[in-house]
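K.L.:
Structure provided below as structure tokens; questions to follow.
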Amino acid sequence: MANDPSVYLDATATVVAKVTWWRDAGPVDLNTASVWGEGSIVYLTLAGLTQLTAEAGDITIGASAQREARKVGNDGQPTIRVASAVYPLR
């Protein structure tokens with residue numbers, strides 16, 4: 001785990017966070033459309049959250065997601081939907 005670039009350790013070698021990211025794509029229909037997505041997330045352990053709040057104080061996390069769809073053909077206008085939320089860490 002110490003050599004895993006997605007795992008973060010503090011000065012005492014305690015795991016405080018892990019980062020995961022993804023990118024994926026694939027066809028929806030054999031002859032037309034495809035889908036793709038990407039994202040990332042940071043997981044904090046309890047030790048990591050304790051250290052972060054001790055340094056930064058109360059923390060608010062914002063999360064958002066966006067999806068865009070286009071009709072098949074060159075004249076299709078995009079339809080974009082966005083979702084978001086804000087959560088205080090407690």
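Residue numbering restarts at 1 in every chain; chains get A, B, ... in the order shown in the structure tokens, and ligands count up from 1 in that same order.
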Applying 12 Å and only C-alpha atoms, which residues near stretch 12-28 of chain A remain after dropping the ones on its own chain fewer than 6 positions away? List them as a list of chain:residue names.
P.N.:
A:Met1, A:Ala2, A:Asn3, A:Asp4, A:Pro5, A:Ser6, A:Ser34, A:Val35, A:Trp36, A:Gly37, A:Glu38, A:Gly39, A:Ser40, A:Ile41, A:Val42, A:Tyr43, A:Leu44, A:Thr45, A:Leu46, A:Ala47, A:Gly48, A:Leu49, A:Thr50, A:Gln51, A:Leu52, A:Val72
K.L.:
How many Å lie between atom CA of A:Ala65 and atom CA of A:Tyr8, rounded to one decimal?
P.N.:
25.4 Å
K.L.:
Go ahead and compute the interatomic distance for atom CA of A:Ile61 and atom CA of A:Ser84, in Å to one decimal.
P.N.:
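Going from atom CA of A:Ile61 over to atom CA of A:Ser84 covers 10.7 Å.
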K.L.:
Could you jot down the atom CA of A:Tyr87 to atom CA of A:Ala56 separation for me, Å, one decimal place?
P.N.:
15.8 Å
